[in-house]
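Asks: Please see the structure below; I have some questions.
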Amino acid sequence: MIAVSIIIPYHNRAELLNNLLLSIPDKEMIEIVLINDHSCKTLKIKRKFKFSKLVMVDNDINSRYSGTARNKGLSICSGEYIFFADSDDIIKSDGFIKCLELIKNEKPEIFFAKLDSFSQDGSRGSRHINYNWLHYRVVNGASHNILARFVSPCAKFIRKEFIDKNKILFEKQKHSNDIFFSASLIIKKPVIKMVDEVVYSIREGNKSLTSDNSYFSTISRLEALSRYNSLLKRNNLDYLMAPALPHLYKLVKRNIIMFVIQFIKILISRQPIFLTFWTLQNLVLRNWHNNKLIKKQ
């Protein structure tokens with residue numbers, strides 16, 4: 001039986017994808033689903049898997065970007081649980097295997113694990129910090145609702161049956177197509193287990209969607225953020241809405257007219273522009289906690 005399907009969209013970047021594949025444990029209970037999102041070159045896989053099942057498919061001809069590719073993977077995978085990975089990141093093999101052992105005995109709808117991050121020069125990054133802080137807060141008594149702010153689809157083992165039952169899919173746009181999916185998981189009130197294992201490491205500094213600050217990407221992210229905040233508001237989680245200020249700041253330097261239009265739209269929708277009370281409180285608590293740890297060392 002396939003315990004987990006690792007769904008990996010990719011568009012070119014064969015060398016980085018091969019590094020990711022090298023980090024995946026070779027186990028019979030693992031299925032690896034690679035979705036080619038209209039790459040320009042043929043992928044040559046350097047690693048041979050002896051036990052893991054490897055499935056390779058193309059994204060639909062009229063579909064693009066990682067959201068639709070992940071949806072394609074969801075439609076064909078056979079694992080009891082789903083694990084999403086980006087083609088330029090790394091899976092932490094030891095933590096991943098420990099989670100698979102837990103999956104054998106416990107059947108929550110989502111396992112939340114921990115992340116790490118690394119820079120191009122090999123030093124430790126910072127993109128994991130906020131996610132691990134949310135993990136820490138829930139373990140220490142905070143409501144599971146705050147995991148709606150755990151907007152990355154990575155480092156989660158999600159039961160496929162739960163996704164299918166609630167018809168949760170990724171959005172189709174190029175940028176921020178995962179935040180609505182991640183919030184939708186929490187709004188459906190899953191049974192959650194927090195796993196104290198690092199299972200995933202995010203690459204920082206690589207030229208990717210996360211570092212794209214173009215005019216088009218900023219507008220796309222603002223629109224996705226609006227849908228995300230509206231979803232939280234409709235489900236009485238408006239205190240968790242994320243402020244638009246970081247995106248508006250990027251926009252004002254590129255197109256002042258669109259900045260004004262977006263600013264007015266956000267005001268009319270009564271979504272936050274500046275730091276909300278919860279966001280500010282969360283930042284203060286995280287900094288206090290980190291300083292406390294530093295003093296103990």
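FYI, nothing fancy with the structure tokens labels: chains A, B, ... in order, residues from 1 per chain, ligands from 1 as they appear.
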Do you know which residues are at most 8 Å from A:Tyr228 counting only C-alpha atoms, after dropping those on the same chain fewer than 6 positions away, and could you put them as a list in words?
Replies: Ile179, Phe180, Ala183 and Met241 of chain A
Asks: Export, as a PDB file, in the first residue's frame, the selected residues with N, CA and C atoms.
Replies:
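Written output follows (part14.pdb):
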```
ATOM      1  N   ILE A 179      -2.103  29.763  -1.055  1.00  0.00           N
ATOM      2  CA  ILE A 179      -2.546  30.276   0.243  1.00  0.00           C
ATOM      3  C   ILE A 179      -4.023  29.974   0.500  1.00  0.00           C
ATOM      4  N   PHE A 180      -4.847  30.016  -0.542  1.00  0.00           N
ATOM      5  CA  PHE A 180      -6.268  29.700  -0.396  1.00  0.00           C
ATOM      6  C   PHE A 180      -6.442  28.219  -0.060  1.00  0.00           C
ATOM      7  N   ALA A 183      -5.414  27.623   3.684  1.00  0.00           N
ATOM      8  CA  ALA A 183      -6.425  28.105   4.625  1.00  0.00           C
ATOM      9  C   ALA A 183      -7.682  27.238   4.579  1.00  0.00           C
ATOM     10  N   MET A 241      -6.667  37.709   9.376  1.00  0.00           N
ATOM     11  CA  MET A 241      -6.431  38.257   8.044  1.00  0.00           C
ATOM     12  C   MET A 241      -5.037  38.894   7.968  1.00  0.00           C
TER      13      MET A 241
END
```
Asks: Got a sec: who's within 9 Å of A:Cys99, counting only C-alpha atoms, leaving out chain neighbours fewer than 6 positions off, as a CSV table (one decimal) with N, CA, C and O atoms, in the first residue's frame?
Replies:
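Just written: selection.csv:
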```
chain,number,residue,atom,x,y,z
A,111,PHE,N,-0.8,15.8,9.3
A,111,PHE,CA,0.4,15.9,10.2
A,111,PHE,C,1.1,17.2,9.8
A,111,PHE,O,1.5,17.4,8.7
A,113,ALA,N,4.5,19.0,10.2
A,113,ALA,CA,5.9,18.8,10.7
A,113,ALA,C,6.6,20.2,10.6
A,113,ALA,O,6.0,21.2,10.4
A,157,PHE,N,1.7,16.4,5.9
A,157,PHE,CA,1.2,15.1,5.4
A,157,PHE,C,-0.4,15.2,5.5
A,157,PHE,O,-0.9,15.2,6.6
A,195,VAL,N,3.8,17.2,14.6
A,195,VAL,CA,4.9,16.2,14.6
A,195,VAL,C,6.2,17.0,14.8
A,195,VAL,O,6.5,17.9,14.0
A,197,GLU,N,9.3,16.9,14.0
A,197,GLU,CA,10.3,16.4,13.1
A,197,GLU,C,10.5,17.5,11.9
A,197,GLU,O,9.5,18.0,11.4
A,199,VAL,N,11.1,17.9,8.3
A,199,VAL,CA,10.9,17.0,7.1
A,199,VAL,C,11.2,17.7,5.8
A,199,VAL,O,11.3,17.0,4.7
```
Asks: I'd like the contact shell of A:Ala69 - 10 Å cut-off, only C-alpha atoms, skipping same-chain residues fewer than 5 positions apart - returned as number ranges by chain.
Replies: A: 7-10, 34-38, 57-60, 63-64, 74-75, 170, 172
Asks: Those residues you just picked out, can you put them in a file as a compact mmCIF listing (two decimals), in the first residue's frame with N, CA, C and O atoms?
Replies:
```
# COMPACT_ATOMS: atom_id res chain seq x y z
N ILE A 7 3.98 14.92 -4.35
CA ILE A 7 3.60 15.59 -5.59
C ILE A 7 4.56 16.74 -5.86
O ILE A 7 4.70 17.65 -5.03
N ILE A 8 5.23 16.69 -7.02
CA ILE A 8 6.28 17.66 -7.35
C ILE A 8 6.02 18.25 -8.74
O ILE A 8 6.26 17.59 -9.75
N PRO A 9 5.56 19.51 -8.82
CA PRO A 9 5.50 20.16 -10.13
C PRO A 9 6.90 20.66 -10.50
O PRO A 9 7.68 21.03 -9.62
N TYR A 10 7.21 20.68 -11.79
CA TYR A 10 8.50 21.25 -12.18
C TYR A 10 8.39 21.91 -13.55
O TYR A 10 7.60 21.51 -14.41
N LEU A 34 5.76 13.26 -10.48
CA LEU A 34 6.37 14.41 -11.13
C LEU A 34 5.43 14.94 -12.20
O LEU A 34 5.02 14.19 -13.09
N ILE A 35 5.10 16.24 -12.12
CA ILE A 35 4.22 16.84 -13.11
C ILE A 35 5.01 17.87 -13.90
O ILE A 35 5.45 18.89 -13.34
N ASN A 36 5.22 17.60 -15.16
CA ASN A 36 5.95 18.50 -16.03
C ASN A 36 5.04 19.67 -16.44
O ASN A 36 4.09 19.49 -17.20
N ASP A 37 5.38 20.86 -15.96
CA ASP A 37 4.56 22.04 -16.25
C ASP A 37 5.15 22.78 -17.46
O ASP A 37 5.72 23.85 -17.34
N HIS A 38 5.05 22.12 -18.61
CA HIS A 38 5.45 22.71 -19.89
C HIS A 38 6.92 23.12 -19.92
O HIS A 38 7.25 24.25 -20.32
N VAL A 57 4.02 12.61 -15.40
CA VAL A 57 2.94 13.03 -16.28
C VAL A 57 3.17 14.48 -16.69
O VAL A 57 3.93 15.21 -16.05
N ASP A 58 2.50 14.89 -17.75
CA ASP A 58 2.54 16.29 -18.19
C ASP A 58 1.30 17.01 -17.66
O ASP A 58 0.22 16.43 -17.57
N ASN A 59 1.48 18.27 -17.32
CA ASN A 59 0.32 19.10 -16.98
C ASN A 59 -0.59 19.19 -18.21
O ASN A 59 -0.14 19.06 -19.35
N ASP A 60 -1.87 19.42 -17.97
CA ASP A 60 -2.81 19.52 -19.09
C ASP A 60 -2.37 20.60 -20.06
O ASP A 60 -1.81 21.64 -19.65
N SER A 63 -3.29 24.16 -19.29
CA SER A 63 -3.09 24.57 -17.90
C SER A 63 -1.63 24.92 -17.67
O SER A 63 -0.74 24.31 -18.27
N ARG A 64 -1.39 25.87 -16.79
CA ARG A 64 -0.03 26.28 -16.47
C ARG A 64 0.11 26.53 -14.97
O ARG A 64 -0.86 26.68 -14.26
N LEU A 74 -2.93 15.53 -7.77
CA LEU A 74 -3.98 15.03 -6.87
C LEU A 74 -4.96 14.11 -7.59
O LEU A 74 -5.50 13.18 -6.99
N SER A 75 -5.17 14.36 -8.87
CA SER A 75 -6.15 13.58 -9.62
C SER A 75 -5.65 12.18 -9.97
O SER A 75 -6.46 11.30 -10.30
N PHE A 170 -6.04 23.71 -5.52
CA PHE A 170 -5.21 24.91 -5.63
C PHE A 170 -5.82 25.87 -6.65
O PHE A 170 -6.48 25.46 -7.60
N LYS A 172 -5.49 28.68 -9.76
CA LYS A 172 -4.85 28.45 -11.05
C LYS A 172 -3.85 29.54 -11.45
O LYS A 172 -3.09 29.35 -12.40
```
Asks: Do you know which residues are at most 12 Å from A:Ile168 counting only C-alpha atoms, after dropping those on the same chain fewer than 2 positions away, and could you put them as a ChimeraX atom specification?
Replies: /A:67,70-71,74-75,158-166,170-171,178-188
Asks: If you run DSSP on the backbone here, which positions in stretch 132-262 of chain A get strand (DSSP E)? Please write them as a ChimeraX atom specification.
Replies: /A:156-159,192-203
Asks: Would you write out those residues with all heavy atoms, as a short mmCIF file (atom, residue, chain, number, x, y, z; two decimals), in the first residue's frame?
Replies:
```cif
data_model
loop_
_atom_site.label_atom_id
_atom_site.label_comp_id
_atom_site.auth_asym_id
_atom_site.auth_seq_id
_atom_site.Cartn_x
_atom_site.Cartn_y
_atom_site.Cartn_z
N LYS A 156 3.59 19.21 5.30
CA LYS A 156 2.32 18.67 5.79
C LYS A 156 2.06 17.33 5.12
O LYS A 156 2.22 17.20 3.91
CB LYS A 156 1.16 19.60 5.46
CG LYS A 156 1.29 21.03 5.91
CD LYS A 156 0.20 21.89 5.28
CE LYS A 156 0.41 23.36 5.58
NZ LYS A 156 -0.55 24.23 4.86
N PHE A 157 1.66 16.35 5.90
CA PHE A 157 1.15 15.10 5.37
C PHE A 157 -0.37 15.19 5.46
O PHE A 157 -0.93 15.17 6.55
CB PHE A 157 1.68 13.91 6.16
CG PHE A 157 3.16 13.70 6.06
CD1 PHE A 157 4.04 14.44 6.86
CD2 PHE A 157 3.70 12.76 5.19
CE1 PHE A 157 5.41 14.25 6.77
CE2 PHE A 157 5.07 12.56 5.10
CZ PHE A 157 5.93 13.31 5.89
N ILE A 158 -1.03 15.31 4.32
CA ILE A 158 -2.47 15.56 4.29
C ILE A 158 -3.18 14.31 3.78
O ILE A 158 -2.83 13.78 2.71
CB ILE A 158 -2.80 16.74 3.36
CG1 ILE A 158 -1.90 17.94 3.67
CG2 ILE A 158 -4.28 17.12 3.50
CD1 ILE A 158 -1.91 19.00 2.59
N ARG A 159 -4.16 13.86 4.51
CA ARG A 159 -4.88 12.67 4.09
C ARG A 159 -5.66 12.94 2.81
O ARG A 159 -6.44 13.90 2.74
CB ARG A 159 -5.81 12.20 5.19
CG ARG A 159 -6.26 10.76 5.02
CD ARG A 159 -6.81 10.18 6.29
NE ARG A 159 -7.02 8.75 6.14
CZ ARG A 159 -7.41 7.96 7.13
NH1 ARG A 159 -7.59 8.46 8.34
NH2 ARG A 159 -7.59 6.69 6.93
N ILE A 192 -5.87 17.13 13.60
CA ILE A 192 -4.49 17.54 13.37
C ILE A 192 -3.56 16.92 14.41
O ILE A 192 -3.90 16.83 15.59
CB ILE A 192 -4.37 19.08 13.42
CG1 ILE A 192 -5.05 19.70 12.19
CG2 ILE A 192 -2.91 19.53 13.50
CD1 ILE A 192 -5.13 21.21 12.23
N LYS A 193 -2.39 16.52 13.94
CA LYS A 193 -1.32 16.11 14.84
C LYS A 193 -0.07 16.92 14.49
O LYS A 193 0.29 17.03 13.33
CB LYS A 193 -1.02 14.62 14.71
CG LYS A 193 0.13 14.17 15.64
CD LYS A 193 0.34 12.67 15.58
CE LYS A 193 1.55 12.25 16.44
NZ LYS A 193 1.38 12.61 17.87
N MET A 194 0.55 17.49 15.52
CA MET A 194 1.78 18.24 15.33
C MET A 194 2.97 17.30 15.55
O MET A 194 3.10 16.68 16.61
CB MET A 194 1.86 19.41 16.30
CG MET A 194 0.61 20.29 16.31
SD MET A 194 0.17 21.00 14.71
CE MET A 194 1.52 22.17 14.48
N VAL A 195 3.82 17.18 14.55
CA VAL A 195 4.94 16.24 14.59
C VAL A 195 6.23 17.03 14.76
O VAL A 195 6.53 17.93 13.98
CB VAL A 195 5.00 15.41 13.29
CG1 VAL A 195 6.10 14.36 13.38
CG2 VAL A 195 3.65 14.76 13.03
N ASP A 196 7.00 16.70 15.77
CA ASP A 196 8.23 17.44 16.09
C ASP A 196 9.42 16.90 15.28
O ASP A 196 10.42 16.46 15.85
CB ASP A 196 8.52 17.36 17.58
CG ASP A 196 9.58 18.37 18.01
OD1 ASP A 196 9.73 19.40 17.33
OD2 ASP A 196 10.27 18.11 19.02
N GLU A 197 9.27 16.91 13.97
CA GLU A 197 10.34 16.45 13.08
C GLU A 197 10.50 17.45 11.94
O GLU A 197 9.52 17.96 11.40
CB GLU A 197 9.99 15.07 12.48
CG GLU A 197 9.83 13.95 13.49
CD GLU A 197 11.13 13.55 14.15
OE1 GLU A 197 12.20 13.90 13.62
OE2 GLU A 197 11.07 12.89 15.20
N VAL A 198 11.75 17.72 11.57
CA VAL A 198 12.03 18.56 10.40
C VAL A 198 12.02 17.65 9.18
O VAL A 198 12.81 16.72 9.08
CB VAL A 198 13.39 19.27 10.53
CG1 VAL A 198 13.70 20.07 9.26
CG2 VAL A 198 13.41 20.18 11.75
N VAL A 199 11.09 17.91 8.26
CA VAL A 199 10.93 17.02 7.10
C VAL A 199 11.24 17.70 5.77
O VAL A 199 11.25 17.04 4.74
CB VAL A 199 9.50 16.44 7.05
CG1 VAL A 199 9.18 15.64 8.30
CG2 VAL A 199 8.47 17.55 6.84
N TYR A 200 11.49 19.01 5.82
CA TYR A 200 11.57 19.75 4.56
C TYR A 200 12.47 20.97 4.72
O TYR A 200 12.49 21.61 5.78
CB TYR A 200 10.16 20.21 4.17
CG TYR A 200 9.99 20.68 2.75
CD1 TYR A 200 9.85 19.77 1.71
CD2 TYR A 200 9.96 22.04 2.44
CE1 TYR A 200 9.67 20.20 0.40
CE2 TYR A 200 9.77 22.47 1.14
CZ TYR A 200 9.64 21.55 0.12
OH TYR A 200 9.47 21.97 -1.17
N SER A 201 13.23 21.28 3.68
CA SER A 201 14.12 22.45 3.71
C SER A 201 13.91 23.30 2.47
O SER A 201 13.98 22.80 1.34
CB SER A 201 15.59 22.00 3.81
OG SER A 201 16.43 23.09 4.10
N ILE A 202 13.64 24.59 2.68
CA ILE A 202 13.33 25.53 1.60
C ILE A 202 14.61 26.19 1.11
O ILE A 202 15.42 26.67 1.90
CB ILE A 202 12.36 26.61 2.10
CG1 ILE A 202 11.11 25.99 2.73
CG2 ILE A 202 11.98 27.55 0.97
CD1 ILE A 202 10.24 26.99 3.46
N ARG A 203 14.77 26.25 -0.19
CA ARG A 203 15.92 26.94 -0.78
C ARG A 203 15.63 28.45 -0.86
O ARG A 203 14.60 28.85 -1.38
CB ARG A 203 16.22 26.39 -2.17
CG ARG A 203 17.47 26.97 -2.83
CD ARG A 203 17.62 26.46 -4.24
NE ARG A 203 17.74 25.01 -4.27
CZ ARG A 203 18.89 24.34 -4.18
NH1 ARG A 203 20.02 25.01 -4.07
NH2 ARG A 203 18.90 23.02 -4.22
#
```
Asks: Based on DSSP run over this structure's backbone, return all residues of stretch 31-173 of chain A in helix (DSSP H, G or I), as a ChimeraX atom specification.
Replies: /A:65-76,93-105,129-139,144-149,160-166
Asks: With distances taken over only C-alpha atoms, which of A:Lys167, A:Arg13, A:Lys27, A:Arg127 is nearest to A:Lys44?
Replies: A:Arg13
Asks: Identify, on the basis of only C-alpha atoms, every residue whose closest approach to A:Lys48 does not exceed 12 Å; exclude the query and any residue fewer than 6 positions from it along the same chain; express the result as an mmCIF file with N, CA, C and O atoms, in the first residue's frame.
Replies:
```cif
data_model
loop_
_atom_site.group_PDB
_atom_site.id
_atom_site.type_symbol
_atom_site.label_atom_id
_atom_site.label_comp_id
_atom_site.auth_asym_id
_atom_site.auth_seq_id
_atom_site.Cartn_x
_atom_site.Cartn_y
_atom_site.Cartn_z
ATOM 1 N N ASN A 18 16.759 17.119 -9.675
ATOM 2 C CA ASN A 18 17.510 15.901 -9.390
ATOM 3 C C ASN A 18 18.073 15.898 -7.977
ATOM 4 O O ASN A 18 18.148 14.847 -7.331
ATOM 5 N N LEU A 21 15.204 14.847 -5.798
ATOM 6 C CA LEU A 21 14.949 13.409 -5.914
ATOM 7 C C LEU A 21 15.979 12.594 -5.139
ATOM 8 O O LEU A 21 15.659 11.551 -4.557
ATOM 9 N N LEU A 22 17.217 13.075 -5.095
ATOM 10 C CA LEU A 22 18.258 12.387 -4.330
ATOM 11 C C LEU A 22 17.979 12.402 -2.827
ATOM 12 O O LEU A 22 18.458 11.539 -2.091
ATOM 13 N N ILE A 24 14.988 12.071 -1.411
ATOM 14 C CA ILE A 24 13.783 11.316 -1.065
ATOM 15 C C ILE A 24 14.150 9.881 -0.694
ATOM 16 O O ILE A 24 14.868 9.212 -1.437
ATOM 17 N N PRO A 25 13.665 9.371 0.437
ATOM 18 C CA PRO A 25 13.933 7.973 0.799
ATOM 19 C C PRO A 25 13.369 7.013 -0.253
ATOM 20 O O PRO A 25 12.320 7.266 -0.831
ATOM 21 N N ASP A 26 14.080 5.937 -0.494
ATOM 22 C CA ASP A 26 13.640 4.934 -1.464
ATOM 23 C C ASP A 26 12.916 3.818 -0.713
ATOM 24 O O ASP A 26 13.530 2.860 -0.245
ATOM 25 N N LEU A 54 7.671 5.652 -9.131
ATOM 26 C CA LEU A 54 7.855 6.938 -9.800
ATOM 27 C C LEU A 54 6.841 7.088 -10.935
ATOM 28 O O LEU A 54 6.778 6.243 -11.833
#
```
Asks: For A:Cys77, which of A:Ser5, A:Asn132, A:Thr42, A:Ser52 is the closest residue, counting only C-alpha atoms?
Replies: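 Checking each of A:Ser5, A:Asn132, A:Thr42, A:Ser52 against A:Cys77, counting only C-alpha atoms, the winner is A:Ser5.
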Asks: Please measure the separation of atom CA of A:Pro272 and atom CA of A:Ala242, giving the value in Å to one decimal.
Replies: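 Separation between atom CA of A:Pro272 and atom CA of A:Ala242: 6.8 Å.
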Asks: Let me make sure I understand: among A:Tyr131, A:Phe216, A:Phe118, A:Trp288, which one has the smallest atom-to-atom distance to A:His175 if we use only C-alpha atoms?
Replies: A:Phe216
Asks: So how far away is atom CA of A:Asn145 from atom CA of A:Gln271, in Å?
Replies: 18.5 Å
Asks: Could you tell me how far atom CA of A:Ser66 sits from atom CA of A:Phe259, in Å to one decimal place?
Replies: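 So the two atoms, atom CA of A:Phe259 and atom CA of A:Ser66, lie 27.1 Å apart.
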Asks: Could you check the closest approach to A:Ser119 for each of A:His135, A:Glu204, A:Val191, A:Lys92 and tell me which residue wins, using only C-alpha atoms?
Replies: A:Glu204
Asks: Show me, as a PyMOL selection string, the residues that have an atom within 10 Å of A:Leu251 when counting only C-alpha atoms, minus same-chain residues fewer than 3 positions from it.
Replies: chain A and resi 213-219+222+245-248+254-260+262
Asks: Could you please take those selected residues and save N, CA and C atoms as a compact mmCIF listing (two decimals), in the first residue's frame?
Replies:
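Once everything was written out, this is result.txt:
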```
# COMPACT_ATOMS: atom_id res chain seq x y z
N ASN A 213 9.29 40.10 -7.92
CA ASN A 213 8.63 41.29 -7.40
C ASN A 213 8.15 42.21 -8.52
N SER A 214 7.85 41.63 -9.66
CA SER A 214 7.39 42.42 -10.80
C SER A 214 6.01 43.01 -10.54
N TYR A 215 5.62 43.94 -11.39
CA TYR A 215 4.30 44.56 -11.29
C TYR A 215 3.20 43.50 -11.38
N PHE A 216 3.31 42.61 -12.38
CA PHE A 216 2.29 41.57 -12.57
C PHE A 216 2.18 40.67 -11.34
N SER A 217 3.32 40.26 -10.79
CA SER A 217 3.28 39.35 -9.65
C SER A 217 2.70 40.03 -8.42
N THR A 218 2.98 41.32 -8.25
CA THR A 218 2.45 42.05 -7.10
C THR A 218 0.94 42.16 -7.16
N ILE A 219 0.39 42.48 -8.34
CA ILE A 219 -1.06 42.55 -8.51
C ILE A 219 -1.69 41.18 -8.26
N LEU A 222 -1.72 40.43 -4.56
CA LEU A 222 -2.74 41.22 -3.87
C LEU A 222 -4.14 40.63 -4.08
N LEU A 245 0.00 45.58 3.30
CA LEU A 245 1.05 46.60 3.22
C LEU A 245 2.32 46.15 2.48
N PRO A 246 2.85 44.94 2.73
CA PRO A 246 4.08 44.55 2.01
C PRO A 246 3.93 44.59 0.49
N HIS A 247 2.78 44.14 -0.01
CA HIS A 247 2.54 44.15 -1.45
C HIS A 247 2.27 45.56 -1.96
N LEU A 248 1.53 46.34 -1.19
CA LEU A 248 1.25 47.72 -1.60
C LEU A 248 2.53 48.54 -1.67
N ARG A 254 6.08 51.09 -8.43
CA ARG A 254 5.99 50.69 -9.84
C ARG A 254 4.86 51.39 -10.59
N ASN A 255 3.73 51.58 -9.92
CA ASN A 255 2.58 52.17 -10.61
C ASN A 255 1.68 52.85 -9.58
N ILE A 256 1.80 54.15 -9.46
CA ILE A 256 1.08 54.88 -8.42
C ILE A 256 -0.42 54.82 -8.63
N ILE A 257 -0.87 54.79 -9.89
CA ILE A 257 -2.32 54.73 -10.16
C ILE A 257 -2.90 53.41 -9.68
N MET A 258 -2.22 52.30 -10.00
CA MET A 258 -2.70 51.00 -9.54
C MET A 258 -2.59 50.87 -8.02
N PHE A 259 -1.61 51.52 -7.45
CA PHE A 259 -1.50 51.54 -5.98
C PHE A 259 -2.75 52.16 -5.37
N VAL A 260 -3.16 53.31 -5.90
CA VAL A 260 -4.35 53.99 -5.38
C VAL A 260 -5.59 53.13 -5.57
N GLN A 262 -5.81 49.82 -5.86
CA GLN A 262 -5.77 48.67 -4.96
C GLN A 262 -6.00 49.10 -3.51
```
